[in-house]
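Visitor: What follows is start-v7.cif, mmCIF, C-alpha atoms.
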data_structure
#
loop_
_atom_site.label_atom_id
_atom_site.label_comp_id
_atom_site.auth_asym_id
_atom_site.auth_seq_id
_atom_site.Cartn_x
_atom_site.Cartn_y
_atom_site.Cartn_z
CA MET A 1 -138.58 114.02 -115.50
CA VAL A 2 -139.23 117.37 -117.21
CA LEU A 3 -140.11 117.19 -120.88
CA SER A 4 -137.53 118.92 -123.07
CA LYS A 5 -137.99 120.11 -126.62
CA THR A 6 -134.66 118.56 -127.59
CA PRO A 7 -133.43 114.96 -127.06
CA PHE A 8 -129.98 116.09 -125.88
CA PRO A 9 -128.65 118.94 -123.71
CA SER A 10 -126.25 121.60 -124.99
CA GLU A 11 -122.57 121.86 -124.18
CA GLY A 12 -121.99 124.06 -121.13
CA GLU A 13 -125.50 123.45 -119.81
CA PHE A 14 -126.14 122.47 -116.19
CA ILE A 15 -128.35 119.39 -116.04
CA ILE A 16 -129.76 116.94 -113.50
CA GLY A 17 -128.41 113.40 -113.72
CA LYS A 18 -129.38 110.31 -111.75
CA VAL A 19 -126.51 107.92 -111.03
CA ARG A 20 -127.16 104.61 -112.79
CA ASP A 21 -123.90 102.69 -112.42
CA ILE A 22 -120.48 103.20 -110.83
CA GLN A 23 -117.28 101.69 -112.23
CA ASP A 24 -113.66 102.10 -111.14
CA GLN A 25 -112.99 104.95 -113.61
CA TYR A 26 -116.45 106.08 -114.70
CA VAL A 27 -119.89 107.00 -113.38
CA TYR A 28 -122.87 106.51 -115.69
CA VAL A 29 -125.97 108.66 -115.24
CA ASP A 30 -129.43 108.98 -116.73
CA LEU A 31 -130.37 112.47 -117.89
CA LEU A 32 -133.95 112.43 -116.71
CA ASP A 33 -135.10 115.40 -118.79
CA TYR A 34 -133.79 114.24 -122.17
CA GLU A 35 -134.90 111.39 -124.41
CA GLY A 36 -131.54 110.67 -126.05
CA ILE A 37 -131.40 108.22 -128.97
CA PRO A 38 -134.58 106.23 -129.78
CA SER A 39 -133.26 102.99 -128.26
CA GLU A 40 -132.85 104.59 -124.79
CA GLU A 41 -135.43 105.46 -122.17
CA TYR A 42 -133.35 108.51 -121.23
CA ALA A 43 -130.26 110.16 -122.59
CA ARG A 44 -127.24 108.75 -120.80
CA GLY A 45 -124.06 110.48 -119.79
CA MET A 46 -120.67 109.56 -118.39
CA ILE A 47 -118.48 111.21 -115.75
CA HIS A 48 -114.79 110.27 -115.91
CA ILE A 49 -113.02 109.92 -112.57
CA SER A 50 -111.00 113.07 -113.38
CA GLU A 51 -114.25 115.05 -113.52
CA ILE A 52 -115.61 113.82 -110.17
CA SER A 53 -113.50 115.99 -107.89
CA SER A 54 -110.45 118.24 -107.94
CA ARG A 55 -109.11 116.16 -105.04
CA TRP A 56 -107.35 112.81 -105.37
CA ILE A 57 -109.89 109.96 -105.46
CA ARG A 58 -109.19 106.57 -103.93
CA ASN A 59 -112.74 105.27 -104.39
CA ILE A 60 -115.41 106.91 -106.57
CA ARG A 61 -118.11 105.47 -104.28
CA ASN A 62 -116.97 107.83 -101.55
CA PHE A 63 -118.19 110.71 -103.73
CA VAL A 64 -121.36 109.40 -105.43
CA ARG A 65 -123.89 106.62 -104.93
CA VAL A 66 -126.30 104.78 -107.21
CA GLY A 67 -129.67 106.54 -107.38
CA GLN A 68 -128.24 109.91 -106.33
CA LYS A 69 -129.37 113.01 -108.26
CA LEU A 70 -126.49 115.30 -109.21
CA VAL A 71 -126.17 118.71 -110.82
CA LEU A 72 -123.66 118.24 -113.66
CA ARG A 73 -122.08 120.36 -116.38
CA VAL A 74 -122.20 119.13 -119.97
CA LEU A 75 -118.73 119.00 -121.51
CA ARG A 76 -119.33 117.30 -124.88
CA VAL A 77 -122.31 115.89 -126.77
CA ASP A 78 -122.23 113.38 -129.65
CA GLU A 79 -125.87 113.11 -130.70
CA HIS A 80 -125.18 110.46 -133.37
CA LYS A 81 -123.61 108.03 -130.90
CA GLY A 82 -125.67 109.22 -127.93
CA HIS A 83 -122.49 109.98 -125.93
CA ILE A 84 -122.54 112.79 -123.37
CA ASP A 85 -119.47 113.69 -121.27
CA LEU A 86 -120.25 115.33 -117.95
CA SER A 87 -118.45 116.98 -115.05
CA LEU A 88 -119.28 117.11 -111.36
CA ARG A 89 -116.20 119.02 -110.23
CA ARG A 90 -116.94 121.97 -112.54
CA VAL A 91 -120.17 122.79 -110.70
CA ASN A 92 -119.81 125.13 -107.72
CA SER A 93 -122.15 125.25 -104.74
CA ALA A 94 -124.11 128.28 -105.99
CA GLN A 95 -124.66 126.71 -109.41
CA LYS A 96 -125.77 123.47 -107.76
CA LYS A 97 -128.22 125.26 -105.49
CA ASN A 98 -129.70 127.40 -108.26
CA ARG A 99 -130.04 124.54 -110.75
CA MET A 100 -131.66 122.21 -108.22
CA LYS A 101 -134.09 124.95 -107.22
CA GLU A 102 -134.93 125.57 -110.88
CA TRP A 103 -135.43 121.84 -111.46
CA LYS A 104 -137.88 121.60 -108.55
CA TYR A 105 -139.92 124.41 -110.07
CA ALA A 106 -139.71 122.64 -113.44
CA LEU A 107 -141.17 119.53 -111.84
CA LYS A 108 -143.90 121.67 -110.26
CA TYR A 109 -144.71 123.18 -113.63
CA GLU A 110 -144.84 119.78 -115.29
CA ASN A 111 -147.08 118.40 -112.55
CA LEU A 112 -149.53 121.26 -113.16
CA LEU A 113 -149.54 120.41 -116.87
CA GLN A 114 -150.03 116.73 -116.08
CA PHE A 115 -153.05 117.52 -113.86
CA PHE A 116 -154.46 119.55 -116.73
CA ALA A 117 -153.73 116.84 -119.30
CA ASP A 118 -155.49 114.23 -117.17
CA GLU A 119 -158.58 116.41 -116.78
CA ALA A 120 -158.62 117.49 -120.43
CA LYS A 121 -158.05 113.88 -121.54
CA MET A 122 -154.91 114.54 -123.53
CA SER A 123 -151.26 113.53 -123.27
CA LEU A 124 -148.66 115.57 -121.44
CA LYS A 125 -146.90 116.24 -124.75
CA GLU A 126 -150.15 117.60 -126.21
CA ALA A 127 -150.49 119.92 -123.22
CA TYR A 128 -146.95 121.17 -123.74
CA ASP A 129 -147.58 121.69 -127.46
CA GLU A 130 -150.89 123.50 -126.89
CA PHE A 131 -149.55 126.09 -124.43
CA GLY A 132 -146.90 124.64 -122.07
CA PHE A 133 -143.89 125.45 -124.24
CA ALA A 134 -145.39 128.82 -125.23
CA ILE A 135 -145.68 129.90 -121.59
CA LEU A 136 -142.06 128.94 -120.98
CA GLU A 137 -140.94 130.96 -124.00
CA LEU A 138 -142.78 134.00 -122.64
CA MET A 139 -141.03 133.50 -119.30
CA LYS A 140 -137.62 132.98 -121.01
CA ASN A 141 -137.59 129.37 -119.74
CA GLU A 142 -137.55 130.50 -116.11
CA TYR A 143 -139.75 127.91 -114.42
CA GLN A 144 -140.13 129.76 -111.13
CA ASP A 145 -141.28 132.88 -112.96
CA ALA A 146 -143.70 130.79 -115.03
CA VAL A 147 -145.31 129.15 -111.99
CA GLU A 148 -145.60 132.37 -110.00
CA GLU A 149 -146.78 134.52 -112.91
CA LEU A 150 -149.47 131.96 -113.72
CA LYS A 151 -150.69 132.25 -110.13
CA GLU A 152 -150.74 136.04 -110.20
CA ASN A 153 -151.40 136.96 -113.84
CA GLY A 154 -152.55 133.81 -115.58
CA GLU A 155 -155.26 135.44 -117.68
CA ALA A 156 -152.82 138.06 -118.97
CA ILE A 157 -150.35 135.34 -119.97
CA PHE A 158 -152.96 133.43 -121.97
CA LYS A 159 -153.94 136.62 -123.82
CA LYS A 160 -150.46 136.50 -125.39
CA ILE A 161 -150.87 132.90 -126.60
CA LYS A 162 -153.05 132.20 -129.62
CA GLY A 163 -155.31 129.23 -130.15
CA VAL A 164 -155.85 128.00 -126.59
CA PRO A 165 -159.55 127.17 -126.04
CA LYS A 166 -161.14 129.23 -123.27
CA GLU A 167 -162.25 126.06 -121.52
CA HIS A 168 -158.66 124.82 -121.37
CA GLN A 169 -157.45 128.15 -120.03
CA GLU A 170 -160.03 128.04 -117.24
CA ILE A 171 -159.17 124.44 -116.30
CA PHE A 172 -155.45 125.11 -116.15
CA LEU A 173 -155.74 128.37 -114.19
CA ARG A 174 -158.04 126.67 -111.69
CA ILE A 175 -155.47 123.91 -111.23
CA VAL A 176 -152.74 126.52 -110.74
CA ASP A 177 -154.85 128.40 -108.20
CA GLU A 178 -155.55 125.22 -106.24
CA ASN A 179 -151.98 123.93 -106.21
CA VAL A 180 -149.65 126.93 -106.13
CA SER A 181 -148.88 129.09 -103.14
CA ILE A 182 -146.21 131.78 -103.11
CA SER A 183 -144.10 132.48 -100.04
CA THR A 184 -143.85 136.13 -99.00
CA VAL A 185 -142.26 138.24 -96.29
CA SER A 186 -143.89 141.22 -94.57
CA ILE A 187 -142.57 144.31 -92.82
CA VAL A 188 -145.00 146.10 -90.50
CA GLY A 189 -144.68 149.40 -88.71
CA LYS A 190 -146.45 152.58 -87.62
CA VAL A 191 -146.16 156.05 -89.08
CA LYS A 192 -146.78 159.03 -86.86
CA LEU A 193 -147.78 161.92 -89.12
CA TYR A 194 -149.59 165.23 -88.81
CA PHE A 195 -149.36 168.73 -90.29
CA THR A 196 -149.76 172.03 -88.42
CA ASN A 197 -150.88 173.97 -91.51
CA SER A 198 -154.52 174.96 -91.87
CA ASN A 199 -154.95 172.45 -94.72
CA GLY A 200 -153.32 169.70 -92.69
CA ILE A 201 -156.01 167.07 -93.34
CA ASP A 202 -155.73 167.51 -97.10
CA LEU A 203 -151.93 167.35 -96.89
CA LEU A 204 -152.20 164.18 -94.81
CA LYS A 205 -154.46 162.43 -97.31
CA THR A 206 -152.34 163.46 -100.30
CA THR A 207 -149.08 162.46 -98.64
CA LEU A 208 -150.24 158.97 -97.67
CA LYS A 209 -151.81 158.44 -101.11
CA ASP A 210 -148.57 159.46 -102.85
CA ALA A 211 -146.55 157.22 -100.54
CA VAL A 212 -148.61 154.19 -101.55
CA GLU A 213 -148.53 155.05 -105.24
CA VAL A 214 -144.73 155.35 -105.30
CA VAL A 215 -144.68 151.53 -105.23
CA LYS A 216 -145.38 150.40 -108.80
CA ASN A 217 -146.67 147.04 -110.05
CA GLN A 218 -148.55 146.18 -106.87
CA ARG A 219 -150.07 142.70 -106.70
CA PRO A 220 -151.01 140.23 -103.92
CA THR A 221 -147.38 139.19 -103.46
CA ARG A 222 -145.91 142.68 -103.85
CA LYS A 223 -147.81 145.51 -102.21
CA LEU A 224 -147.71 148.35 -99.73
CA THR A 225 -150.73 149.40 -97.68
CA ILE A 226 -151.28 152.24 -95.21
CA THR A 227 -154.31 152.06 -92.92
CA TYR A 228 -155.67 154.30 -90.18
CA ILE A 229 -155.08 153.34 -86.53
CA ALA A 230 -155.87 156.45 -84.48
CA ALA A 231 -154.67 159.97 -85.15
CA PRO A 232 -151.82 160.63 -85.65
CA PHE A 233 -150.84 156.96 -86.18
CA TYR A 234 -151.13 154.88 -89.38
CA ARG A 235 -150.22 151.25 -89.96
CA VAL A 236 -147.78 150.50 -92.79
CA GLU A 237 -147.41 146.98 -94.16
CA VAL A 238 -145.13 145.92 -97.00
CA THR A 239 -145.35 142.46 -98.59
CA SER A 240 -142.95 140.95 -101.12
CA LYS A 241 -141.48 137.64 -102.24
CA ASP A 242 -138.04 139.10 -101.47
CA TYR A 243 -136.99 140.75 -98.20
CA LEU A 244 -134.64 143.23 -99.87
CA ASP A 245 -137.42 144.29 -102.26
CA ALA A 246 -139.74 144.80 -99.27
CA GLU A 247 -137.15 147.00 -97.57
CA ASN A 248 -136.68 149.03 -100.75
CA MET A 249 -140.44 149.57 -101.14
CA LEU A 250 -140.73 150.68 -97.52
CA SER A 251 -137.78 153.05 -97.91
CA ASP A 252 -139.28 154.64 -101.05
CA ALA A 253 -142.64 155.21 -99.35
CA LEU A 254 -141.14 156.64 -96.16
CA GLU A 255 -138.93 158.96 -98.19
CA VAL A 256 -142.03 160.49 -99.80
CA ILE A 257 -143.67 161.02 -96.40
CA GLU A 258 -140.53 162.45 -94.81
CA GLU A 259 -139.89 164.91 -97.64
CA ARG A 260 -143.50 166.11 -97.63
CA ALA A 261 -143.46 166.56 -93.86
CA ALA A 262 -140.26 168.59 -94.04
CA LEU A 263 -141.70 170.91 -96.72
CA GLN A 264 -145.15 171.42 -95.20
CA ASN A 265 -144.55 171.91 -91.46
CA GLY A 266 -145.32 168.29 -90.68
CA VAL A 267 -144.31 165.95 -87.89
CA PHE A 268 -143.14 162.52 -89.00
CA GLU A 269 -141.86 159.41 -87.26
CA PHE A 270 -141.68 155.74 -88.26
CA ILE A 271 -141.82 152.97 -85.66
CA ARG A 272 -140.98 149.48 -86.89
CA ASP A 273 -142.90 146.64 -85.26
#
Starting from the coordinates I provided, produce the structure as structure tokens.
Guide:
Amino acid sequence: MVLSKTPFPSEGEFIIGKVRDIQDQYVYVDLLDYEGIPSEEYARGMIHISEISSRWIRNIRNFVRVGQKLVLRVLRVDEHKGHIDLSLRRVNSAQKKNRMKEWKYALKYENLLQFFADEAKMSLKEAYDEFGFAILELMKNEYQDAVEELKENGEAIFKKIKGVPKEHQEIFLRIVDENVSISTVSIVGKVKLYFTNSNGIDLLKTTLKDAVEVVKNQRPTRKLTITYIAAPFYRVEVTSKDYLDAENMLSDALEVIEERAALQNGVFEFIRD
């Protein structure tokens, strides 16, 4: 489960439900991330047969099984009675994929907090209250952003949160560093570049420096580097979490080099590896 600030979800929200029981006309699910009413271990929801599929259903068990985790849309919530009406058919494939991906990152985030809580000898709820919820608020409740930003800029994040002991910051960031890795893609190629002007060496240095600096917000998972191979060749490597972003960074850098070469009697060519 992922600890939520509220005992019930909101109408229209996409949630994760685990199938608990299947009847002829209804499917009952546990909402693993919500506490529900005090007498329940989890909040519980119901899917009517009409909300299982847009197709005609002969047997509900052909569509769901006990123990299965589903991405569901919340239709109605009665917090006083603890009743939650859910829909499976109103969730499209993209919404399902995105919500399940988000939930996996939420579990990752909670596991990091649990590791911290165990080491700091406090409860998971205390860890959330001390800084866990505050980090999520900074990240607009985007769990993937929270996990990855903690890996890359954890100290900067904690500077925005008041009252967290330095010792706790260090423990949590160490746990993040040990347990989080971020997948990246790389594009590698060679630039052939030289200038025929008398100040060609200076132009070369300035051009390559400007090409690198055109890429803003560089970090380990988002960077562009240009290194010397042998005149007139230079190695270009672009790294990013997103392939399209990597292509855009490469394009911006090569545009700077090409424009400078055209203006200053230079020879330019890019060879992709």
Visitor: Within 10 Å of Gln25 of chain A, counting all atoms listed in the file, which residues show up once you throw out same-chain ones fewer than 3 positions away? Write them as a VMD selection string, please.
Guide: chain A and resid 22 47 to 50 52 59 to 60
Visitor: Give me, please, the distance in Å between atom CA of Leu70 of chain A and atom CA of Val180 of chain A, quoted to one decimal.
Guide: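 According to the coordinates, atom CA of Leu70 of chain A and atom CA of Val180 of chain A are separated by 26.1 Å.
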Visitor: Each residue of segment 198-252 of chain A with at least one atom at most 7 Å from segment 183-186 of chain A should appear once, together with its nearest atom pair and the corresponding distance in Å (one decimal); atoms considered: only C-alpha atoms; ordering: chain, then increasing residue number; output as a Markdown table.
Guide:
| residue | atom | partner | partner_atom | distance |
| --- | --- | --- | --- | --- |
| A:Thr221 | CA | A:Thr184 | CA | 6.5 |
| A:Glu237 | CA | A:Ser186 | CA | 6.8 |
| A:Val238 | CA | A:Ser186 | CA | 5.4 |
| A:Thr239 | CA | A:Ser186 | CA | 4.5 |
| A:Ser240 | CA | A:Thr184 | CA | 5.3 |
| A:Lys241 | CA | A:Thr184 | CA | 4.3 |
| A:Asp242 | CA | A:Val185 | CA | 6.7 |
| A:Tyr243 | CA | A:Val185 | CA | 6.1 |
Visitor: Determine the nearest neighbour of Asn248 of chain A from the options A:Ile187, A:Leu208, A:Val74, A:Ile157, counting all atoms listed in the file.
Guide: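 Closest residue, counting all atoms listed in the file: A:Ile187.
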Visitor: With the PyMOL selection byres ((chain A and resi 11) around 7) as the selection, what would be picked from this file? Answer as a ChimeraX atom specification, please.
Guide: /A:9-10,12-13,74-77
Visitor: Excluding segment 250-254 of chain A and any residue of its chain fewer than 4 positions from it, enumerate the residues within 8 Å of it, using all atoms listed in the file, and give them as a PDB file with C-alpha atoms, in the frame of the given file.
Guide:
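As a result, part-v3.pdb now contains:
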ATOM      1  CA  ALA A 211    -146.550 157.220-100.540  1.00  0.00           C
ATOM      2  CA  VAL A 212    -148.610 154.190-101.550  1.00  0.00           C
ATOM      3  CA  VAL A 214    -144.730 155.350-105.300  1.00  0.00           C
ATOM      4  CA  VAL A 215    -144.680 151.530-105.230  1.00  0.00           C
ATOM      5  CA  LEU A 224    -147.710 148.350 -99.730  1.00  0.00           C
ATOM      6  CA  VAL A 238    -145.130 145.920 -97.000  1.00  0.00           C
ATOM      7  CA  ALA A 246    -139.740 144.800 -99.270  1.00  0.00           C
ATOM      8  CA  GLU A 258    -140.530 162.450 -94.810  1.00  0.00           C
ATOM      9  CA  PHE A 270    -141.680 155.740 -88.260  1.00  0.00           C
TER      10      PHE A 270
END
Visitor: Tell me, in Å to one decimal, how far atom CA of Val66 of chain A is from atom CA of Tyr143 of chain A.
Guide: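 Taking atom CA of Val66 of chain A as the start and atom CA of Tyr143 of chain A as the end point, the length is 27.7 Å.
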Visitor: Here is a test: counting only C-alpha atoms, which residue of A:Asp24, A:Ile57, A:Lys18, A:Ser198 is nearest to Leu72 of chain A?
Guide: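 Closest to Leu72 of chain A, using only C-alpha atoms: A:Lys18.
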Visitor: For a quick check of understanding, using only C-alpha atoms, which of A:Glu170, A:Glu259, A:Glu269, A:Glu148 has the smallest distance to Lys192 of chain A?
Guide: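 That would be A:Glu269, the residue with the smallest distance to Lys192 of chain A.
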Visitor: What does the distance from atom CA of Asn265 of chain A to atom CA of Lys223 of chain A come to in Å, to one decimal?
Guide: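 Separation between atom CA of Asn265 of chain A and atom CA of Lys223 of chain A: 28.7 Å.
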Visitor: What lies within 9 Å of Ile171 of chain A using all atoms listed in the file, ignoring chain neighbours under 5 positions off, as a VMD selection string?
Guide: chain A and resid 116 119 to 120 166 176
Visitor: Assuming the chain letters and numbering stay as they are in my file, what does the PyMOL selection byres ((chain A and resi 29) around 12) actually select? List them as a ChimeraX atom specification.
Guide: /A:15-23,26-28,30-34,42-48,64-72,83-88
Visitor: Which polymer residues, whether protein, DNA or RNA, lie within 12 Å of the coordinate (-151.7, 117.5, -117.5) when you count all atoms listed in the file? List them as a PyMOL selection string, using the chain letters and numbers from the file.
Guide: chain A and resi 108-132+168+171-172+175-176
Visitor: Where does the PyMOL selection byres ((chain A and resi 37) around 10) land in this file, that is, which residues does it pick, as a list in words?
Guide: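 For this structure, the PyMOL selection byres ((chain A and resi 37) around 10) resolves to Pro7, Phe8, Tyr34, Glu35, Gly36, Pro38, Ser39, Glu40, Glu41, Tyr42, Ala43, Arg44, Glu79, His80, Lys81, Gly82 and His83 of chain A.
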Visitor: For the structure just given, write the atoms of segment 103-134 of chain A, namely N, CA and C atoms, as a PDB file, in the first residue's frame.
Guide:
ATOM      1  N   TRP A 103       1.901   4.286  -9.724  1.00  0.00           N
ATOM      2  CA  TRP A 103       1.748   3.515  -8.482  1.00  0.00           C
ATOM      3  C   TRP A 103       3.035   2.782  -8.133  1.00  0.00           C
ATOM      4  N   LYS A 104       3.717   2.258  -9.137  1.00  0.00           N
ATOM      5  CA  LYS A 104       4.986   1.557  -8.884  1.00  0.00           C
ATOM      6  C   LYS A 104       6.025   2.519  -8.324  1.00  0.00           C
ATOM      7  N   TYR A 105       6.045   3.743  -8.826  1.00  0.00           N
ATOM      8  CA  TYR A 105       6.959   4.744  -8.267  1.00  0.00           C
ATOM      9  C   TYR A 105       6.526   5.143  -6.857  1.00  0.00           C
ATOM     10  N   ALA A 106       5.205   5.162  -6.624  1.00  0.00           N
ATOM     11  CA  ALA A 106       4.714   5.464  -5.274  1.00  0.00           C
ATOM     12  C   ALA A 106       5.171   4.398  -4.288  1.00  0.00           C
ATOM     13  N   LEU A 107       5.117   3.144  -4.704  1.00  0.00           N
ATOM     14  CA  LEU A 107       5.609   2.060  -3.854  1.00  0.00           C
ATOM     15  C   LEU A 107       7.104   2.200  -3.612  1.00  0.00           C
ATOM     16  N   LYS A 108       7.843   2.581  -4.647  1.00  0.00           N
ATOM     17  CA  LYS A 108       9.285   2.795  -4.503  1.00  0.00           C
ATOM     18  C   LYS A 108       9.559   3.891  -3.488  1.00  0.00           C
ATOM     19  N   TYR A 109       8.814   4.974  -3.597  1.00  0.00           N
ATOM     20  CA  TYR A 109       8.984   6.094  -2.679  1.00  0.00           C
ATOM     21  C   TYR A 109       8.678   5.670  -1.247  1.00  0.00           C
ATOM     22  N   GLU A 110       7.594   4.913  -1.082  1.00  0.00           N
ATOM     23  CA  GLU A 110       7.231   4.479   0.264  1.00  0.00           C
ATOM     24  C   GLU A 110       8.260   3.502   0.832  1.00  0.00           C
ATOM     25  N   ASN A 111       8.810   2.648  -0.014  1.00  0.00           N
ATOM     26  CA  ASN A 111       9.855   1.730   0.456  1.00  0.00           C
ATOM     27  C   ASN A 111      11.078   2.491   0.952  1.00  0.00           C
ATOM     28  N   LEU A 112      11.436   3.563   0.245  1.00  0.00           N
ATOM     29  CA  LEU A 112      12.569   4.390   0.686  1.00  0.00           C
ATOM     30  C   LEU A 112      12.287   4.994   2.060  1.00  0.00           C
ATOM     31  N   LEU A 113      11.053   5.486   2.243  1.00  0.00           N
ATOM     32  CA  LEU A 113      10.672   6.049   3.535  1.00  0.00           C
ATOM     33  C   LEU A 113      10.657   4.978   4.629  1.00  0.00           C
ATOM     34  N   GLN A 114      10.241   3.766   4.262  1.00  0.00           N
ATOM     35  CA  GLN A 114      10.208   2.684   5.244  1.00  0.00           C
ATOM     36  C   GLN A 114      11.620   2.296   5.676  1.00  0.00           C
ATOM     37  N   PHE A 115      12.560   2.247   4.713  1.00  0.00           N
ATOM     38  CA  PHE A 115      13.961   1.973   5.053  1.00  0.00           C
ATOM     39  C   PHE A 115      14.482   3.031   6.026  1.00  0.00           C
ATOM     40  N   PHE A 116      14.125   4.290   5.725  1.00  0.00           N
ATOM     41  CA  PHE A 116      14.548   5.380   6.608  1.00  0.00           C
ATOM     42  C   PHE A 116      13.929   5.237   7.983  1.00  0.00           C
ATOM     43  N   ALA A 117      12.615   4.976   8.029  1.00  0.00           N
ATOM     44  CA  ALA A 117      11.913   4.856   9.305  1.00  0.00           C
ATOM     45  C   ALA A 117      12.512   3.744  10.158  1.00  0.00           C
ATOM     46  N   ASP A 118      12.851   2.623   9.534  1.00  0.00           N
ATOM     47  CA  ASP A 118      13.454   1.516  10.278  1.00  0.00           C
ATOM     48  C   ASP A 118      14.798   1.924  10.880  1.00  0.00           C
ATOM     49  N   GLU A 119      15.605   2.637  10.094  1.00  0.00           N
ATOM     50  CA  GLU A 119      16.928   3.038  10.577  1.00  0.00           C
ATOM     51  C   GLU A 119      16.835   4.146  11.621  1.00  0.00           C
ATOM     52  N   ALA A 120      15.870   5.040  11.439  1.00  0.00           N
ATOM     53  CA  ALA A 120      15.710   6.159  12.379  1.00  0.00           C
ATOM     54  C   ALA A 120      14.848   5.785  13.579  1.00  0.00           C
ATOM     55  N   LYS A 121      14.366   4.537  13.580  1.00  0.00           N
ATOM     56  CA  LYS A 121      13.549   4.030  14.691  1.00  0.00           C
ATOM     57  C   LYS A 121      12.295   4.885  14.906  1.00  0.00           C
ATOM     58  N   MET A 122      11.558   5.044  13.823  1.00  0.00           N
ATOM     59  CA  MET A 122      10.274   5.728  13.894  1.00  0.00           C
ATOM     60  C   MET A 122       9.286   4.988  13.005  1.00  0.00           C
ATOM     61  N   SER A 123       8.015   5.352  13.095  1.00  0.00           N
ATOM     62  CA  SER A 123       7.012   4.702  12.257  1.00  0.00           C
ATOM     63  C   SER A 123       7.018   5.316  10.864  1.00  0.00           C
ATOM     64  N   LEU A 124       6.431   4.580   9.923  1.00  0.00           N
ATOM     65  CA  LEU A 124       6.317   5.104   8.562  1.00  0.00           C
ATOM     66  C   LEU A 124       5.509   6.392   8.555  1.00  0.00           C
ATOM     67  N   LYS A 125       4.439   6.448   9.322  1.00  0.00           N
ATOM     68  CA  LYS A 125       3.620   7.664   9.376  1.00  0.00           C
ATOM     69  C   LYS A 125       4.430   8.852   9.888  1.00  0.00           C
ATOM     70  N   GLU A 126       5.291   8.611  10.874  1.00  0.00           N
ATOM     71  CA  GLU A 126       6.138   9.697  11.389  1.00  0.00           C
ATOM     72  C   GLU A 126       7.110  10.176  10.319  1.00  0.00           C
ATOM     73  N   ALA A 127       7.607   9.255   9.507  1.00  0.00           N
ATOM     74  CA  ALA A 127       8.510   9.647   8.422  1.00  0.00           C
ATOM     75  C   ALA A 127       7.778  10.486   7.382  1.00  0.00           C
ATOM     76  N   TYR A 128       6.549  10.087   7.065  1.00  0.00           N
ATOM     77  CA  TYR A 128       5.741  10.888   6.139  1.00  0.00           C
ATOM     78  C   TYR A 128       5.492  12.281   6.721  1.00  0.00           C
ATOM     79  N   ASP A 129       5.127  12.336   7.994  1.00  0.00           N
ATOM     80  CA  ASP A 129       4.802  13.619   8.610  1.00  0.00           C
ATOM     81  C   ASP A 129       6.029  14.517   8.728  1.00  0.00           C
ATOM     82  N   GLU A 130       7.211  13.923   8.946  1.00  0.00           N
ATOM     83  CA  GLU A 130       8.417  14.738   9.106  1.00  0.00           C
ATOM     84  C   GLU A 130       8.849  15.376   7.796  1.00  0.00           C
ATOM     85  N   PHE A 131       8.841  14.609   6.698  1.00  0.00           N
ATOM     86  CA  PHE A 131       9.237  15.199   5.411  1.00  0.00           C
ATOM     87  C   PHE A 131       8.647  14.495   4.188  1.00  0.00           C
ATOM     88  N   GLY A 132       8.090  13.286   4.353  1.00  0.00           N
ATOM     89  CA  GLY A 132       7.589  12.547   3.197  1.00  0.00           C
ATOM     90  C   GLY A 132       6.489  13.258   2.444  1.00  0.00           C
ATOM     91  N   PHE A 133       5.485  13.750   3.163  1.00  0.00           N
ATOM     92  CA  PHE A 133       4.391  14.481   2.510  1.00  0.00           C
ATOM     93  C   PHE A 133       4.882  15.819   1.953  1.00  0.00           C
ATOM     94  N   ALA A 134       5.815  16.456   2.650  1.00  0.00           N
ATOM     95  CA  ALA A 134       6.325  17.759   2.194  1.00  0.00           C
ATOM     96  C   ALA A 134       7.056  17.630   0.859  1.00  0.00           C
TER      97      ALA A 134
END
